[in-house]
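Beneath this line is the structure, given in structure tokens, with notes to follow.
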Amino acid sequence: MTRREWLRLAGAVPAAAAPRISGWILVHEHILVDFAGADLAGPHRYDRQEVFRLALPKLKEIAALGCRRLQECTPNFLGRDPGLLARLAEAAGLEIWTNTGLYGARNHIFLPGYARTETAAQLARRWIAEARDGVGGLRPRFIKIGVNQAPLHPLDRKLVQAAALTSRETGLAIASHTGGGAAALEQLEMLDAAGVEARRFVWVHAQNERDHALHARAAKAGAWVEFDAIQAASADWHLTCVRKLAAAGGRARTLISQDSGWYHVGEPGGGDFRGYAYLFRDFVPRLEPGEVQALLMDNPIACFGR
Ligand SMILES: [Zn+2]
């Protein structure tokens, strides 16, 4: 990428003056989230047309900035709505990926009853079927789970095992909402024991771990270290995380995203629905061109596929 293209991306050069760039990938964002809990959440709780109307301009905005794919990380029972995502993708002109899996973080309040009674193999069968047959017209392209702090609770360990079985069968990457470095390393040990390569694992929310040495350890083991939730207030810390990991040899294992959005089900008008352009407009200009290419294109493709 030339410097001119890079500045264009940041809005510093008018679109007409530079070739359109496309290909950026946001690996972790949300369009709709419902925190009502597994027993209550569902599409009956919101007006799909309203969500569509509010989300579309935010997606068009990043498509125009060169974003070609947004990976929607809302798990099942937290507002995952593949039918809505498919409609938005079509209208906005960018890919939107959905996921399979279950979210055990926040002490398991978002788990359906069957997650407690079924075995890891039974859960994996459900997830493999979704990955194979699709859900709501979309085929999940990654596994999203969520776990609590280490030492991992048996329920969390079951989700990791189910994710391992699903990944082995489908080849999909496992993005895991993870409490901290110890929980990330415990999951990597489990995956290793289950015969899943570390390169299939994404440590989601790694910015919450203050010890850069643990980021480096996970990357050295082959895992992906995702610094998400990039916003104006946190951008300095994120940049520090990115640079420290690069200095430790981990640039080719680093992912960045915003964990931004979203339509808040249950709040009037969807509440504070943040857009997705901050990273392109404000954070990218702070990166070197080579970093941008790695963090927003090459690494996401190497991790999740094309
Ligand atoms: Zn998220």
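Lettering and numbering for the structure tokens are positional, with chains as A, B, ... in the shown order, residues counted from 1 in each chain, and ligands counted from 1 in the shown order.
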
I need the residues in region 125-154 of chain A that are helix (DSSP H, G or I) according to DSSP; give them as a list in words. Arg125, Arg126, Trp127, Ile128, Ala129, Glu130, Ala131, Arg132, Asp133 and Pro154 of chain A

Residue contacts of Arg125 (chain A) (9 Å, only C-alpha atoms) excluding same-chain residues fewer than 3 positions away, as a list of chain:residue names: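 Non-adjacent residues within range: A:Ala120, A:Ala121, A:Gln122, A:Ile128, A:Ala129, A:Glu130, A:Ala162, A:Leu165, A:Thr166.
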
Of the listed residues A:Met297, A:Leu26, A:Leu40, A:Ala150, that which approaches Glu95 (chain A) most closely, counting only C-alpha atoms: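 Using only C-alpha atoms, Glu95 (chain A) sits closest to A:Leu26.
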
Can you work out which residues are within 7 Å of ligand 1, considering only C-alpha atoms and all ligand atoms, and then hand them over as a list in words?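 With only C-alpha atoms and all ligand atoms and a cut-off of 7 Å, ligand 1 is contacted by His28, Glu29, His30, Cys73, Thr74 and Asp259 of chain A.
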
Using the selection just defined, write its residues with C-alpha atoms as a PDB file, in the first residue's frame.
```
ATOM      1  CA  HIS A  28     -14.695  -8.755  16.107  1.00  0.00           C
ATOM      2  CA  GLU A  29     -17.747  -6.481  16.006  1.00  0.00           C
ATOM      3  CA  HIS A  30     -21.423  -6.719  16.922  1.00  0.00           C
ATOM      4  CA  CYS A  73     -19.218 -12.145  17.190  1.00  0.00           C
ATOM      5  CA  THR A  74     -22.587 -12.242  18.921  1.00  0.00           C
ATOM      6  CA  ASP A 259     -15.807  -4.925  19.596  1.00  0.00           C
TER       7      ASP A 259
END
```

CA of Leu295 (chain A) and CA of Ile25 (chain A) are how many Å apart? 8.8 Å

Please give the complete set of residues from region 160-281 of chain A that DSSP, run on the backbone, assigns to strand (DSSP E or B), formatted as a PyMOL selection string. chain A and resi 174-177+201-204+224-227+254-256+263-264

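CA of Ala233 (chain A) is positioned 25.9 Å from CA of Ala218 (chain A).
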
Report, in Å to a single decimal, how far apart CA of Gly261 (chain A) and CA of Leu88 (chain A) are. 14.0 Å

Which residue is closest to Ala105 (chain A)? Choose from A:Ile143, A:Leu123, A:Ala183, A:Ala163 and count only C-alpha atoms. A:Ala183

List the neighbours of Phe52 (chain A) out to 10 Å using only C-alpha atoms; skip same-chain residues closer than 6 positions along the sequence, and give me the result as a list of chain:residue names. A:Ile31, A:Leu32, A:Leu84, A:Leu85, A:Arg87, A:Leu88, A:Ala91, A:Tyr263

Generate the output file for the selected residues, N, CA and C atoms, as a compact mmCIF listing (two decimals), in the first residue's frame.
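For reference, part22.txt as written:
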```txt
# COMPACT_ATOMS: atom_id res chain seq x y z
N ILE A 31 -23.51 -6.40 15.76
CA ILE A 31 -24.59 -5.61 15.17
C ILE A 31 -25.78 -5.55 16.12
N LEU A 32 -26.02 -6.63 16.83
CA LEU A 32 -27.13 -6.65 17.78
C LEU A 32 -26.75 -7.55 18.95
N LEU A 84 -30.91 -11.67 9.75
CA LEU A 84 -30.73 -10.21 9.72
C LEU A 84 -29.35 -9.85 9.15
N LEU A 85 -28.32 -10.60 9.57
CA LEU A 85 -26.96 -10.31 9.09
C LEU A 85 -26.88 -10.51 7.58
N ARG A 87 -29.25 -10.17 5.36
CA ARG A 87 -29.94 -9.05 4.69
C ARG A 87 -29.07 -7.79 4.70
N LEU A 88 -28.43 -7.54 5.84
CA LEU A 88 -27.58 -6.35 5.95
C LEU A 88 -26.36 -6.45 5.04
N ALA A 91 -27.36 -5.67 1.52
CA ALA A 91 -27.70 -4.25 1.32
C ALA A 91 -26.48 -3.34 1.43
N TYR A 263 -26.85 -2.59 18.35
CA TYR A 263 -28.25 -2.34 18.75
C TYR A 263 -28.48 -3.07 20.08
```

Which residues come within 9 Å of region 201-203 of chain A, counting only C-alpha atoms, excluding same-chain residues fewer than 4 positions away, as an MDAnalysis selection string? chainID A and resid 173:178 180:181 184 187:188 191 196:197 218 222:227 255 303

Residues from the last selection, N, CA and C atoms, saved as a short mmCIF file (atom, residue, chain, number, x, y, z; two decimals), in the first residue's frame:
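Listed below is the output, part-v2.cif:
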```
data_model
loop_
_atom_site.label_atom_id
_atom_site.label_comp_id
_atom_site.auth_asym_id
_atom_site.auth_seq_id
_atom_site.Cartn_x
_atom_site.Cartn_y
_atom_site.Cartn_z
N ALA A 173 -11.70 -21.75 13.04
CA ALA A 173 -10.97 -21.15 14.15
C ALA A 173 -11.90 -20.98 15.35
N ILE A 174 -11.30 -20.99 16.53
CA ILE A 174 -12.03 -20.82 17.79
C ILE A 174 -11.69 -19.45 18.37
N ALA A 175 -12.67 -18.54 18.37
CA ALA A 175 -12.47 -17.24 19.03
C ALA A 175 -13.08 -17.34 20.41
N SER A 176 -12.26 -17.19 21.43
CA SER A 176 -12.75 -17.38 22.79
C SER A 176 -12.65 -16.11 23.62
N HIS A 177 -13.81 -15.60 24.04
CA HIS A 177 -13.86 -14.51 25.02
C HIS A 177 -13.20 -15.05 26.28
N THR A 178 -12.08 -14.43 26.65
CA THR A 178 -11.22 -15.02 27.67
C THR A 178 -10.92 -13.99 28.76
N GLY A 180 -8.39 -13.70 31.05
CA GLY A 180 -7.03 -13.18 31.22
C GLY A 180 -6.03 -14.19 30.71
N GLY A 181 -4.74 -13.87 30.88
CA GLY A 181 -3.69 -14.71 30.33
C GLY A 181 -3.71 -16.14 30.84
N ALA A 184 -6.26 -18.05 29.04
CA ALA A 184 -5.85 -18.29 27.65
C ALA A 184 -4.89 -19.47 27.60
N GLN A 187 -6.59 -22.79 28.17
CA GLN A 187 -7.30 -23.26 26.98
C GLN A 187 -6.32 -23.82 25.94
N LEU A 188 -5.18 -23.18 25.80
CA LEU A 188 -4.18 -23.67 24.84
C LEU A 188 -3.69 -25.07 25.24
N LEU A 191 -6.42 -27.51 24.26
CA LEU A 191 -6.49 -27.73 22.81
C LEU A 191 -5.35 -28.63 22.37
N VAL A 196 -5.65 -30.14 18.78
CA VAL A 196 -5.97 -28.95 17.96
C VAL A 196 -4.77 -28.01 18.02
N GLU A 197 -4.31 -27.59 16.87
CA GLU A 197 -3.15 -26.70 16.82
C GLU A 197 -3.48 -25.34 17.42
N ALA A 218 1.60 -16.64 24.40
CA ALA A 218 0.52 -17.23 23.60
C ALA A 218 0.88 -17.18 22.11
N GLY A 222 1.82 -20.11 19.10
CA GLY A 222 1.15 -20.22 17.80
C GLY A 222 -0.26 -19.67 17.79
N ALA A 223 -0.74 -19.22 18.97
CA ALA A 223 -2.12 -18.73 19.05
C ALA A 223 -2.21 -17.30 18.53
N TRP A 224 -3.44 -16.87 18.24
CA TRP A 224 -3.72 -15.50 17.82
C TRP A 224 -4.08 -14.67 19.02
N VAL A 225 -3.52 -13.47 19.09
CA VAL A 225 -3.75 -12.57 20.23
C VAL A 225 -4.54 -11.38 19.70
N GLU A 226 -5.78 -11.27 20.16
CA GLU A 226 -6.68 -10.25 19.62
C GLU A 226 -6.85 -9.08 20.59
N PHE A 227 -6.40 -7.90 20.15
CA PHE A 227 -6.60 -6.67 20.92
C PHE A 227 -7.82 -5.98 20.31
N LEU A 255 -4.13 -9.73 16.05
CA LEU A 255 -5.37 -9.28 15.43
C LEU A 255 -5.86 -8.03 16.17
N CYS A 303 -5.80 -16.44 9.82
CA CYS A 303 -6.47 -17.03 10.98
C CYS A 303 -7.82 -17.65 10.62
#
```

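When only C-alpha atoms are used to measure the gap to Gln231 (chain A), the shortest distance among A:Leu56, A:Val284, A:Leu279, A:Ala302 belongs to A:Leu279.
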
Need to verify the contact set: Thr240 (chain A), 12 Å, only C-alpha atoms, exclusion of same-chain residues closer than 2 positions in sequence. Can you return it as a VMD selection string? chain A and resid 207 210 to 212 215 227 230 234 to 238 242 to 247 286 to 287

Set the distance at 12 Å and use only C-alpha atoms: which residues neighbour Pro154 (chain A) once local chain neighbours fewer than 6 positions away are removed? I'd like the list as a list in words.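 Non-adjacent residues within range: Gly104, Asn107, His108, Ala115, Arg116, Thr119, Ala120, Val147, Asn148, Val160 and Gln161 of chain A.
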
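Residues within 8 Å of Gly93 (chain A), counting only C-alpha atoms and excluding same-chain residues fewer than 5 positions away, are Lys60, Ala63 and Arg68 of chain A.
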
May I have the residues from that selection written out with N, CA and C atoms, as a short mmCIF file (atom, residue, chain, number, x, y, z; two decimals), in the first residue's frame?
```
data_model
loop_
_atom_site.label_atom_id
_atom_site.label_comp_id
_atom_site.auth_asym_id
_atom_site.auth_seq_id
_atom_site.Cartn_x
_atom_site.Cartn_y
_atom_site.Cartn_z
N LYS A 60 -22.54 0.65 5.61
CA LYS A 60 -22.19 1.28 4.33
C LYS A 60 -20.98 2.19 4.50
N ALA A 63 -17.92 0.05 4.47
CA ALA A 63 -17.72 -0.53 3.13
C ALA A 63 -17.07 0.51 2.23
N ARG A 68 -14.12 -5.02 3.73
CA ARG A 68 -14.85 -6.00 2.92
C ARG A 68 -15.52 -7.07 3.76
#
```
